[in-house]
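Enquirer: What follows is final27.pdb, PDB, C-alpha atoms and all ligand atoms.
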```
ATOM      1  CA  MET A   1     -60.510  58.793 -23.758
ATOM      2  CA  ALA A   2     -57.737  61.183 -22.613
ATOM      3  CA  GLU A   3     -59.922  62.751 -19.926
ATOM      4  CA  ALA A   4     -61.077  59.304 -18.821
ATOM      5  CA  LEU A   5     -57.584  58.372 -17.597
ATOM      6  CA  THR A   6     -56.449  61.638 -16.033
ATOM      7  CA  GLY A   7     -59.935  62.539 -14.799
ATOM      8  CA  LYS A   8     -60.318  59.233 -13.012
ATOM      9  CA  TYR A   9     -56.813  58.776 -11.642
ATOM     10  CA  GLY A  10     -54.877  62.059 -11.730
ATOM     11  CA  PRO A  11     -52.569  64.103 -13.973
ATOM     12  CA  TRP A  12     -49.286  62.191 -13.669
ATOM     13  CA  GLY A  13     -48.199  58.613 -14.242
ATOM     14  CA  VAL A  14     -44.927  56.927 -13.319
ATOM     15  CA  VAL A  15     -43.467  54.052 -15.297
ATOM     16  CA  ALA A  16     -40.688  52.268 -13.423
ATOM     17  CA  GLY A  17     -38.698  50.788 -16.271
ATOM     18  CA  GLY A  18     -40.204  53.143 -18.829
ATOM     19  CA  SER A  19     -37.513  53.693 -21.432
ATOM     20  CA  ASP A  20     -37.991  50.698 -23.727
ATOM     21  CA  GLY A  21     -40.126  47.611 -24.319
ATOM     22  CA  VAL A  22     -43.389  47.254 -22.437
ATOM     23  CA  GLY A  23     -42.592  50.229 -20.179
ATOM     24  CA  ALA A  24     -42.041  52.609 -23.091
ATOM     25  CA  ALA A  25     -45.267  51.335 -24.664
ATOM     26  CA  PHE A  26     -47.080  52.136 -21.402
ATOM     27  CA  ALA A  27     -45.552  55.621 -21.300
ATOM     28  CA  HIS A  28     -46.630  56.326 -24.895
ATOM     29  CA  ALA A  29     -50.133  54.962 -24.317
ATOM     30  CA  MET A  30     -50.529  57.026 -21.132
ATOM     31  CA  ALA A  31     -49.269  60.179 -22.876
ATOM     32  CA  ALA A  32     -51.592  59.512 -25.824
ATOM     33  CA  ARG A  33     -54.424  59.589 -23.268
ATOM     34  CA  GLY A  34     -53.262  62.953 -21.936
ATOM     35  CA  MET A  35     -51.293  61.834 -18.891
ATOM     36  CA  ASN A  36     -47.956  63.454 -18.011
ATOM     37  CA  VAL A  37     -45.343  60.778 -17.471
ATOM     38  CA  VAL A  38     -42.312  60.177 -15.286
ATOM     39  CA  LEU A  39     -39.942  57.667 -16.834
ATOM     40  CA  VAL A  40     -37.518  55.709 -14.660
ATOM     41  CA  ALA A  41     -34.593  53.644 -15.961
ATOM     42  CA  ARG A  42     -30.808  53.311 -15.676
ATOM     43  CA  ARG A  43     -29.388  54.113 -19.135
ATOM     44  CA  VAL A  44     -29.630  57.891 -19.416
ATOM     45  CA  PRO A  45     -29.377  58.231 -23.242
ATOM     46  CA  VAL A  46     -32.182  55.688 -23.805
ATOM     47  CA  LEU A  47     -34.252  57.306 -21.061
ATOM     48  CA  GLU A  48     -33.826  60.836 -22.445
ATOM     49  CA  ALA A  49     -34.501  59.724 -26.028
ATOM     50  CA  SER A  50     -37.692  58.013 -24.953
ATOM     51  CA  ALA A  51     -38.907  61.103 -23.050
ATOM     52  CA  ALA A  52     -38.034  63.383 -25.996
ATOM     53  CA  GLU A  53     -40.008  61.144 -28.351
ATOM     54  CA  ILE A  54     -43.054  61.361 -26.083
ATOM     55  CA  ARG A  55     -42.817  65.173 -25.811
ATOM     56  CA  ALA A  56     -42.524  65.455 -29.597
ATOM     57  CA  LYS A  57     -45.587  63.290 -30.175
ATOM     58  CA  TYR A  58     -48.010  64.256 -27.422
ATOM     59  CA  ASP A  59     -49.047  67.417 -25.647
ATOM     60  CA  VAL A  60     -47.867  66.295 -22.197
ATOM     61  CA  GLU A  61     -45.046  66.951 -19.764
ATOM     62  CA  THR A  62     -42.367  64.380 -19.039
ATOM     63  CA  ARG A  63     -39.817  63.929 -16.291
ATOM     64  CA  THR A  64     -36.942  61.466 -16.251
ATOM     65  CA  VAL A  65     -35.429  59.901 -13.150
ATOM     66  CA  ALA A  66     -32.280  57.881 -13.750
ATOM     67  CA  LEU A  67     -31.817  55.279 -11.058
ATOM     68  CA  ASP A  68     -31.300  51.577 -10.474
ATOM     69  CA  LEU A  69     -34.501  50.066  -9.097
ATOM     70  CA  GLY A  70     -32.356  47.330  -7.589
ATOM     71  CA  ALA A  71     -30.559  49.814  -5.330
ATOM     72  CA  PRO A  72     -31.658  49.958  -1.680
ATOM     73  CA  ASP A  73     -32.690  53.635  -1.707
ATOM     74  CA  ALA A  74     -34.244  53.667  -5.213
ATOM     75  CA  LEU A  75     -37.867  54.109  -4.201
ATOM     76  CA  SER A  76     -37.171  56.762  -1.593
ATOM     77  CA  GLU A  77     -35.155  58.655  -4.234
ATOM     78  CA  LEU A  78     -38.023  58.312  -6.718
ATOM     79  CA  THR A  79     -40.494  59.530  -4.092
ATOM     80  CA  ARG A  80     -38.333  62.627  -3.527
ATOM     81  CA  ALA A  81     -37.963  63.246  -7.259
ATOM     82  CA  THR A  82     -41.751  63.246  -7.723
ATOM     83  CA  SER A  83     -42.894  64.773  -4.414
ATOM     84  CA  ASP A  84     -44.342  67.837  -6.192
ATOM     85  CA  LEU A  85     -46.540  65.736  -8.508
ATOM     86  CA  GLU A  86     -49.920  64.099  -8.046
ATOM     87  CA  VAL A  87     -49.142  60.592  -9.237
ATOM     88  CA  GLY A  88     -52.410  58.920 -10.179
ATOM     89  CA  LEU A  89     -51.054  55.841 -11.966
ATOM     90  CA  PHE A  90     -47.944  53.867 -11.101
ATOM     91  CA  VAL A  91     -46.784  51.115 -13.446
ATOM     92  CA  TYR A  92     -44.017  48.922 -12.030
ATOM     93  CA  ASN A  93     -42.747  47.379 -15.221
ATOM     94  CA  ALA A  94     -39.010  46.640 -14.894
ATOM     95  CA  GLY A  95     -38.614  42.981 -14.047
ATOM     96  CA  GLY A  96     -37.224  40.894 -16.889
ATOM     97  CA  ASP A  97     -34.550  38.258 -16.414
ATOM     98  CA  ASP A  98     -31.740  38.598 -18.922
ATOM     99  CA  ARG A  99     -30.443  35.036 -18.511
ATOM    100  CA  SER A 100     -32.508  31.941 -17.918
ATOM    101  CA  VAL A 101     -30.094  29.353 -16.505
ATOM    102  CA  ALA A 102     -29.992  26.795 -13.710
ATOM    103  CA  PHE A 103     -30.157  28.258 -10.195
ATOM    104  CA  LEU A 104     -26.555  27.483  -9.242
ATOM    105  CA  ASP A 105     -25.171  28.746 -12.557
ATOM    106  CA  LYS A 106     -25.894  32.338 -11.556
ATOM    107  CA  ASP A 107     -24.055  34.094  -8.776
ATOM    108  CA  LEU A 108     -25.892  34.834  -5.575
ATOM    109  CA  GLY A 109     -25.583  38.600  -6.022
ATOM    110  CA  THR A 110     -27.492  38.421  -9.312
ATOM    111  CA  HIS A 111     -30.335  36.501  -7.646
ATOM    112  CA  LEU A 112     -30.457  38.987  -4.790
ATOM    113  CA  GLY A 113     -30.478  41.942  -7.209
ATOM    114  CA  LEU A 114     -33.450  40.419  -9.034
ATOM    115  CA  VAL A 115     -35.300  39.931  -5.753
ATOM    116  CA  HIS A 116     -34.636  43.530  -4.772
ATOM    117  CA  ARG A 117     -35.789  45.026  -8.081
ATOM    118  CA  ASN A 118     -38.761  42.673  -8.537
ATOM    119  CA  CYS A 119     -40.051  42.269  -4.961
ATOM    120  CA  VAL A 120     -38.751  45.028  -2.685
ATOM    121  CA  GLY A 121     -39.206  47.610  -5.468
ATOM    122  CA  PRO A 122     -42.889  46.899  -6.234
ATOM    123  CA  LEU A 123     -43.715  46.595  -2.537
ATOM    124  CA  GLU A 124     -42.090  49.919  -1.736
ATOM    125  CA  ALA A 125     -43.653  51.549  -4.795
ATOM    126  CA  ALA A 126     -47.095  50.317  -3.764
ATOM    127  CA  TYR A 127     -46.553  51.598  -0.237
ATOM    128  CA  ARG A 128     -45.022  54.967  -1.104
ATOM    129  CA  PHE A 129     -47.235  55.814  -4.119
ATOM    130  CA  GLY A 130     -50.350  53.749  -3.291
ATOM    131  CA  GLY A 131     -50.641  55.296   0.184
ATOM    132  CA  PRO A 132     -51.288  58.828  -1.144
ATOM    133  CA  MET A 133     -53.698  57.405  -3.742
ATOM    134  CA  VAL A 134     -55.737  55.706  -1.017
ATOM    135  CA  ALA A 135     -55.685  58.947   0.986
ATOM    136  CA  ARG A 136     -56.965  60.874  -2.074
ATOM    137  CA  GLY A 137     -59.502  58.177  -2.901
ATOM    138  CA  ARG A 138     -58.303  57.770  -6.482
ATOM    139  CA  GLY A 139     -55.470  56.149  -8.349
ATOM    140  CA  ALA A 140     -54.235  52.982 -10.029
ATOM    141  CA  VAL A 141     -51.266  50.647  -9.653
ATOM    142  CA  VAL A 142     -50.126  48.114 -12.240
ATOM    143  CA  LEU A 143     -47.586  45.450 -11.321
ATOM    144  CA  VAL A 144     -46.282  43.721 -14.432
ATOM    145  CA  THR A 145     -45.780  40.039 -13.843
ATOM    146  CA  SER A 146     -45.390  36.941 -15.984
ATOM    147  CA  GLY A 147     -46.741  33.518 -16.830
ATOM    148  CA  ALA A 148     -43.667  32.335 -14.905
ATOM    149  CA  ALA A 149     -45.694  33.183 -11.776
ATOM    150  CA  TRP A 150     -48.135  30.302 -12.298
ATOM    151  CA  ALA A 151     -45.814  27.481 -11.227
ATOM    152  CA  GLY A 152     -42.185  26.761 -10.468
ATOM    153  CA  GLY A 153     -39.906  25.577 -13.227
ATOM    154  CA  ALA A 154     -36.297  24.676 -13.961
ATOM    155  CA  THR A 155     -34.180  27.772 -14.802
ATOM    156  CA  LEU A 156     -36.949  30.007 -13.455
ATOM    157  CA  ALA A 157     -36.327  29.714  -9.696
ATOM    158  CA  ALA A 158     -35.622  33.306  -8.690
ATOM    159  CA  TYR A 159     -37.412  34.965 -11.621
ATOM    160  CA  GLY A 160     -40.604  32.911 -11.270
ATOM    161  CA  ALA A 161     -40.613  33.363  -7.499
ATOM    162  CA  THR A 162     -40.349  37.152  -7.820
ATOM    163  CA  LYS A 163     -43.132  37.204 -10.385
ATOM    164  CA  ALA A 164     -45.364  35.097  -8.107
ATOM    165  CA  PHE A 165     -44.627  37.645  -5.369
ATOM    166  CA  ASP A 166     -45.774  40.455  -7.692
ATOM    167  CA  LEU A 167     -48.941  38.583  -8.638
ATOM    168  CA  ILE A 168     -49.937  37.926  -5.024
ATOM    169  CA  LEU A 169     -48.981  41.460  -3.979
ATOM    170  CA  ALA A 170     -51.170  42.960  -6.722
ATOM    171  CA  GLU A 171     -54.108  40.670  -5.961
ATOM    172  CA  SER A 172     -53.922  41.389  -2.240
ATOM    173  CA  LEU A 173     -53.751  45.157  -2.731
ATOM    174  CA  TRP A 174     -56.648  44.958  -5.157
ATOM    175  CA  ALA A 175     -58.690  43.250  -2.429
ATOM    176  CA  GLU A 176     -57.783  45.959   0.095
ATOM    177  CA  TRP A 177     -58.115  49.020  -2.132
ATOM    178  CA  ARG A 178     -61.064  48.109  -4.378
ATOM    179  CA  THR A 179     -63.439  49.988  -2.105
ATOM    180  CA  ARG A 180     -61.007  52.883  -1.595
ATOM    181  CA  GLY A 181     -61.057  54.241  -5.158
ATOM    182  CA  VAL A 182     -57.723  52.702  -6.161
ATOM    183  CA  ASP A 183     -57.558  50.128  -8.966
ATOM    184  CA  VAL A 184     -54.799  47.528  -8.810
ATOM    185  CA  LEU A 185     -53.942  45.224 -11.686
ATOM    186  CA  GLY A 186     -51.542  42.279 -11.743
ATOM    187  CA  LEU A 187     -50.703  42.194 -15.445
ATOM    188  CA  VAL A 188     -49.584  38.733 -16.544
ATOM    189  CA  LEU A 189     -47.549  38.709 -19.754
ATOM    190  CA  GLY A 190     -46.397  35.952 -22.016
ATOM    191  CA  LYS A 191     -43.551  36.357 -24.519
ATOM    192  CA  THR A 192     -43.584  39.968 -25.685
ATOM    193  CA  ASP A 193     -41.410  41.613 -28.322
ATOM    194  CA  THR A 194     -39.035  43.848 -26.341
ATOM    195  CA  PRO A 195     -35.308  44.610 -26.476
ATOM    196  CA  SER A 196     -34.806  42.707 -23.190
ATOM    197  CA  MET A 197     -36.607  39.646 -24.454
ATOM    198  CA  ARG A 198     -34.637  39.685 -27.714
ATOM    199  CA  ARG A 199     -31.320  40.056 -25.851
ATOM    200  CA  ALA A 200     -32.170  37.099 -23.588
ATOM    201  CA  PHE A 201     -33.269  34.835 -26.452
ATOM    202  CA  ASP A 202     -30.363  35.889 -28.694
ATOM    203  CA  ALA A 203     -27.884  35.074 -25.918
ATOM    204  CA  GLU A 204     -29.226  31.536 -25.776
ATOM    205  CA  GLY A 205     -29.696  31.197 -29.541
ATOM    206  CA  LYS A 206     -33.372  30.395 -28.970
ATOM    207  CA  PRO A 207     -36.027  31.166 -31.625
ATOM    208  CA  TYR A 208     -38.480  33.880 -30.596
ATOM    209  CA  GLY A 209     -41.676  32.074 -31.581
ATOM    210  CA  GLU A 210     -44.918  33.989 -31.379
ATOM    211  CA  LEU A 211     -44.615  37.326 -29.597
ATOM    212  CA  ALA A 212     -47.111  39.822 -28.227
ATOM    213  CA  ASP A 213     -46.829  43.458 -29.304
ATOM    214  CA  PRO A 214     -45.936  45.778 -26.373
ATOM    215  CA  ASP A 215     -48.269  48.494 -27.722
ATOM    216  CA  ASP A 216     -51.195  46.041 -27.630
ATOM    217  CA  VAL A 217     -50.204  44.990 -24.104
ATOM    218  CA  ALA A 218     -50.137  48.562 -22.810
ATOM    219  CA  ALA A 219     -53.330  49.694 -24.540
ATOM    220  CA  GLU A 220     -55.237  46.645 -23.310
ATOM    221  CA  ALA A 221     -53.981  47.091 -19.748
ATOM    222  CA  LEU A 222     -55.009  50.764 -19.680
ATOM    223  CA  ASP A 223     -58.446  49.799 -20.989
ATOM    224  CA  HIS A 224     -58.797  47.272 -18.160
ATOM    225  CA  LEU A 225     -57.264  49.017 -15.154
ATOM    226  CA  ALA A 226     -60.531  48.566 -13.291
ATOM    227  CA  ASP A 227     -60.877  44.883 -14.211
ATOM    228  CA  GLY A 228     -58.424  43.469 -11.689
ATOM    229  CA  PRO A 229     -57.167  41.798  -9.726
ATOM    230  CA  THR A 230     -55.470  39.981 -12.604
ATOM    231  CA  TRP A 231     -55.329  40.535 -16.342
ATOM    232  CA  ILE A 232     -53.713  37.850 -18.494
ATOM    233  CA  HIS A 233     -52.695  39.365 -21.805
ATOM    234  CA  GLY A 234     -53.308  37.071 -24.766
ATOM    235  CA  SER A 235     -55.610  34.722 -22.881
ATOM    236  CA  ASP A 236     -59.111  33.836 -24.097
ATOM    237  CA  THR A 237     -60.149  34.361 -20.477
ATOM    238  CA  PRO A 238     -57.936  37.295 -19.386
ATOM    239  CA  THR A 239     -59.534  37.536 -15.948
ATOM    240  CA  GLY A 240     -59.352  33.766 -15.501
ATOM    241  CA  GLY A 241     -57.037  31.627 -13.421
ATOM    242  CA  SER A 242     -53.835  29.737 -14.075
ATOM    243  CA  PRO A 243     -53.653  28.122 -17.514
ATOM    244  CA  PHE A 244     -52.466  24.974 -15.732
ATOM    245  CA  GLY A 245     -56.023  24.569 -14.462
ATOM    246  CA  ALA A 246     -56.572  21.369 -12.522
ATOM    247  CA  LEU A 247     -53.090  19.912 -13.163
ATOM    248  CA  SER A 248     -51.292  18.659 -10.058
ATOM    249  CA  ARG A 249     -48.546  20.995  -8.887
ATOM    250  CA  ARG A 250     -46.018  18.334  -9.951
ATOM    251  CA  ASP A 251     -47.363  18.192 -13.491
ATOM    252  CA  ALA A 252     -47.573  21.978 -13.670
ATOM    253  CA  VAL A 253     -43.932  22.329 -12.600
ATOM    254  CA  LEU A 254     -42.801  19.721 -15.112
ATOM    255  CA  ALA A 255     -44.790  21.394 -17.885
ATOM    256  CA  MET A 256     -43.335  24.789 -16.955
ATOM    257  CA  SER A 257     -39.836  23.298 -16.952
ATOM    258  CA  ARG A 258     -40.319  21.772 -20.394
ATOM    259  CA  GLY A 259     -41.459  25.136 -21.700
ATOM    260  CA  ALA A 260     -38.707  27.105 -20.038
ATOM    261  CA  SER A 261     -35.528  25.236 -20.631
ATOM    262  CA  ALA A 262     -33.542  22.254 -21.703
ATOM    263  CA  HIS A 263     -32.840  21.675 -17.989
ATOM    264  CA  GLY A 264     -36.420  20.488 -17.474
ATOM    265  CA  ASP A 265     -36.793  16.873 -16.437
ATOM    266  CA  ASP A 266     -39.749  15.124 -18.021
ATOM    267  CA  THR A 267     -39.928  12.302 -15.536
TER     268      THR A 267
HETATM  269  N1  LIG B   1     -40.760  40.554 -22.701
HETATM  270  C1  LIG B   1     -41.310  39.394 -22.353
HETATM  271  O1  LIG B   1     -41.306  38.417 -23.131
HETATM  272  C2  LIG B   1     -41.974  39.241 -21.006
HETATM  273  C3  LIG B   1     -42.650  38.036 -20.699
HETATM  274  C4  LIG B   1     -43.286  37.914 -19.476
HETATM  275  C5  LIG B   1     -43.247  38.943 -18.568
HETATM  276  N2  LIG B   1     -42.572  40.099 -18.875
HETATM  277  C6  LIG B   1     -42.521  41.148 -17.874
HETATM  278  O2  LIG B   1     -42.745  42.400 -18.501
HETATM  279  C7  LIG B   1     -41.988  43.426 -17.865
HETATM  280  C8  LIG B   1     -41.220  44.208 -18.918
HETATM  281  O3  LIG B   1     -40.368  43.356 -19.603
HETATM  282  P1  LIG B   1     -39.419  43.865 -20.781
HETATM  283  O4  LIG B   1     -39.198  42.719 -21.663
HETATM  284  O5  LIG B   1     -39.941  45.132 -21.376
HETATM  285  O6  LIG B   1     -38.005  44.151 -20.097
HETATM  286  P2  LIG B   1     -37.457  44.727 -18.711
HETATM  287  O7  LIG B   1     -36.005  44.545 -18.768
HETATM  288  O8  LIG B   1     -38.200  44.160 -17.566
HETATM  289  O9  LIG B   1     -37.812  46.279 -18.796
HETATM  290  C9  LIG B   1     -37.060  47.171 -19.556
HETATM  291  C10 LIG B   1     -37.182  48.544 -18.961
HETATM  292  O10 LIG B   1     -36.890  48.527 -17.570
HETATM  293  C11 LIG B   1     -35.689  49.279 -17.306
HETATM  294  N3  LIG B   1     -34.964  48.590 -16.232
HETATM  295  C12 LIG B   1     -34.572  47.307 -16.195
HETATM  296  N4  LIG B   1     -33.917  47.052 -15.055
HETATM  297  C13 LIG B   1     -33.895  48.220 -14.348
HETATM  298  C14 LIG B   1     -33.353  48.600 -13.093
HETATM  299  N5  LIG B   1     -32.660  47.754 -12.330
HETATM  300  N6  LIG B   1     -33.520  49.880 -12.682
HETATM  301  C15 LIG B   1     -34.217  50.772 -13.448
HETATM  302  N7  LIG B   1     -34.756  50.445 -14.632
HETATM  303  C16 LIG B   1     -34.595  49.197 -15.086
HETATM  304  C17 LIG B   1     -34.978  49.317 -18.649
HETATM  305  O11 LIG B   1     -34.087  50.420 -18.786
HETATM  306  P3  LIG B   1     -32.531  50.308 -18.336
HETATM  307  O12 LIG B   1     -32.059  48.973 -18.815
HETATM  308  O13 LIG B   1     -31.881  51.476 -18.992
HETATM  309  O14 LIG B   1     -32.531  50.426 -16.850
HETATM  310  C18 LIG B   1     -36.176  49.480 -19.580
HETATM  311  O15 LIG B   1     -36.687  50.792 -19.512
HETATM  312  C19 LIG B   1     -41.105  42.722 -16.828
HETATM  313  O16 LIG B   1     -41.688  42.854 -15.553
HETATM  314  C20 LIG B   1     -41.125  41.260 -17.257
HETATM  315  O17 LIG B   1     -40.968  40.379 -16.158
HETATM  316  C21 LIG B   1     -41.930  40.269 -20.067
END
```
Starting from the file, lay out its structure as structure tokens.
Ligand SMILES: NC(=O)c1ccc[n+]([C@@H]2O[C@H](COP(=O)([O-])OP(=O)(O)OC[C@H]3O[C@@H](n4cnc5c(N)ncnc54)[C@H](OP(=O)(O)O)[C@@H]3O)[C@@H](O)[C@H]2O)c1
Expert:
Amino acid sequence: MAEALTGKYGPWGVVAGGSDGVGAAFAHAMAARGMNVVLVARRVPVLEASAAEIRAKYDVETRTVALDLGAPDALSELTRATSDLEVGLFVYNAGGDDRSVAFLDKDLGTHLGLVHRNCVGPLEAAYRFGGPMVARGRGAVVLVTSGAAWAGGATLAAYGATKAFDLILAESLWAEWRTRGVDVLGLVLGKTDTPSMRRAFDAEGKPYGELADPDDVAAEALDHLADGPTWIHGSDTPTGGSPFGALSRRDAVLAMSRGASAHGDDT
């Protein structure tokens, strides 16, 4: 299985947002399959501890790049920091929203930061790292998105919109690159047990409910890199469409709002 990943895509993988949660699970799963990994995140101690754990467990190389993916020059810095590596798999994972509140109850700068990290970041990553993959004729890109992409919903305005951007970006690149040797997967997640998710739910005093396991998410995604454009973790039909099916957009938005927050209006 190890050779299958590196042989098909290349020796190195990058996980943007790779120090905990789903990203760390991806990094471990990639390393377990023999891929060297570059981990990107902001908090240096967590980042270094995660890389050390991978080196101790698997016979692979690691590199850490500490940066804020919401900063304007983040992706050019990451490109420089990895310019000597053949990156065959890029996972853009960072993207969670740490506070789900009404649109006007967050400051504008926070919304803009989310848009930068979740939209500009994946687009630049796809351009800067996907371009060389297309030129080589091999590679894979995973953009981690969310069920919040399926429809709008109260308290989800900026987050859901960025995740819809990621979904459409992944699907479009899949359509362009499927005959160029590059697999693209828009990975749609539901509630998954990560430190970010726990922090967000704890802050609101909300019960966690049923949670997916990040290790299962990562392993399943790696098994299905070539089964894009979209993979819906936890669905009976993971390559299927929106779970809202034939609902009107209005009903879908109201259902999403009921699920997301007490701000939802049932009428
Ligand atoms: N967990 C869920 O229930 C859930 C549900 C649906 C979709 N998703 C999607 O799954 C993905 C992963 O979610 P997650 O729960 O694991 O949490 P996350 O907060 O999206 O990801 C955590 C990782 O990303 C890094 N990170 C976050 N912001 C960063 C930034 N600005 N610059 C650099 N690194 C950054 C974190 O390290 P630092 O904090 O040290 O930077 C950590 O390594 C996201 O795209 C999210 O939208 C998650």
Enquirer: Tell me which residues the PyMOL selection byres (((chain A and resi 147-150) around 8) and not hetatm) grabs here, as a VMD selection string.
Expert: chain A and resid 145 to 146 151 to 153 156 159 to 165 167 188 to 190 242 to 244 256
Enquirer: Could you spell out the hits of the PyMOL selection byres (((not hetatm)) within 7 of (chain B and resi 1)) on the shown file, as a PyMOL selection string?
Expert: chain A and resi 16-24+40-44+46-47+67-70+93-97+117+144-147+163+188-197
Enquirer: Name the residues within 10 Å of (-43.8, 59.6, -19.3), counting all atoms listed in the file in the file's coordinates, and put them as a ChimeraX atom specification.
Expert: /A:12-16,18-19,23-31,35-40,47,50-55,60-64
Enquirer: Just the number, please: distance in Å from atom CA of A:Asp73 to atom CA of A:Glu48, one decimal.
Expert: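 So the answer is 22.0 Å.
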Enquirer: From (-49.8, 69.6, -11.8), in the file's coordinates, out to 8 Å: which residues are reached, counting only C-alpha atoms? Answer as a CSV table (one decimal) with C-alpha atoms, keeping the file's coordinate frame.
Expert:
```csv
chain,number,residue,atom,x,y,z
A,11,PRO,CA,-52.6,64.1,-14.0
A,12,TRP,CA,-49.3,62.2,-13.7
A,85,LEU,CA,-46.5,65.7,-8.5
A,86,GLU,CA,-49.9,64.1,-8.0
```
Enquirer: For the structure provided, state which residues fall under the PyMOL selection byres (((chain A and resi 217) around 9) and not hetatm), and present them as a VMD selection string.
Expert: chain A and resid 22 25 to 26 189 192 212 to 216 218 to 222 233 to 234
Enquirer: Mind giving me the straight-line distance from atom CA of A:Ala102 to atom CA of A:Leu187 in Å, one decimal?
Expert: 25.9 Å
Enquirer: Which of these residues is nearest to A:Ala252, using only C-alpha atoms: A:Ala154, A:Leu123, A:Ala170, A:Ala200?
Expert: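 For A:Ala252, the nearest of the given residues is A:Ala154.
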Enquirer: What does the structure give for the distance between atom CA of A:Asp166 and atom CA of A:Val101, in Å to one decimal?
Expert: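 The value is 21.1 Å.
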Enquirer: Can you tell me which residues surround A:Ala255 at a distance of at most 9 Å, considering all atoms listed in the file, apart from same-chain residues fewer than 3 positions away, and format the answer as a short mmCIF file (atom, residue, chain, number, x, y, z; two decimals) with C-alpha atoms, keeping the file's coordinate frame?
Expert:
```
data_model
loop_
_atom_site.label_atom_id
_atom_site.label_comp_id
_atom_site.auth_asym_id
_atom_site.auth_seq_id
_atom_site.Cartn_x
_atom_site.Cartn_y
_atom_site.Cartn_z
CA GLY A 153 -39.91 25.58 -13.23
CA PHE A 244 -52.47 24.97 -15.73
CA ARG A 250 -46.02 18.33 -9.95
CA ASP A 251 -47.36 18.19 -13.49
CA ALA A 252 -47.57 21.98 -13.67
CA ARG A 258 -40.32 21.77 -20.39
CA GLY A 259 -41.46 25.14 -21.70
CA ALA A 260 -38.71 27.10 -20.04
CA GLY A 264 -36.42 20.49 -17.47
CA ASP A 266 -39.75 15.12 -18.02
#
```
Enquirer: Generate a file for stretch 80-93 of chain A, containing N, CA and C atoms, as a compact mmCIF listing (two decimals), in the first residue's frame.
Expert:
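Generated output (result-v3.txt):
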```txt
# COMPACT_ATOMS: atom_id res chain seq x y z
N ARG A 80 8.20 28.50 -1.49
CA ARG A 80 9.66 28.65 -1.32
C ARG A 80 10.22 27.58 -0.37
N ALA A 81 9.50 27.34 0.71
CA ALA A 81 9.99 26.41 1.74
C ALA A 81 10.00 24.95 1.27
N THR A 82 9.34 24.69 0.14
CA THR A 82 9.26 23.30 -0.35
C THR A 82 9.77 23.19 -1.79
N SER A 83 10.49 24.22 -2.25
CA SER A 83 10.85 24.27 -3.68
C SER A 83 11.82 23.14 -4.08
N ASP A 84 12.49 22.54 -3.09
CA ASP A 84 13.42 21.45 -3.41
C ASP A 84 12.74 20.08 -3.36
N LEU A 85 11.45 20.04 -3.12
CA LEU A 85 10.75 18.75 -2.96
C LEU A 85 9.80 18.49 -4.12
N GLU A 86 9.64 17.20 -4.47
CA GLU A 86 8.58 16.86 -5.41
C GLU A 86 7.31 16.58 -4.59
N VAL A 87 6.42 17.54 -4.60
CA VAL A 87 5.17 17.37 -3.83
C VAL A 87 4.14 16.69 -4.72
N GLY A 88 3.79 15.46 -4.33
CA GLY A 88 2.86 14.68 -5.14
C GLY A 88 1.43 14.70 -4.61
N LEU A 89 1.27 15.11 -3.35
CA LEU A 89 -0.08 15.15 -2.76
C LEU A 89 -0.17 16.38 -1.88
N PHE A 90 -1.16 17.21 -2.14
CA PHE A 90 -1.36 18.41 -1.32
C PHE A 90 -2.75 18.30 -0.69
N VAL A 91 -2.79 18.33 0.63
CA VAL A 91 -4.06 18.31 1.35
C VAL A 91 -4.26 19.69 1.99
N TYR A 92 -5.27 20.42 1.52
CA TYR A 92 -5.58 21.71 2.16
C TYR A 92 -6.67 21.44 3.18
N ASN A 93 -6.23 21.33 4.42
CA ASN A 93 -7.15 20.91 5.49
C ASN A 93 -7.65 22.07 6.36
```
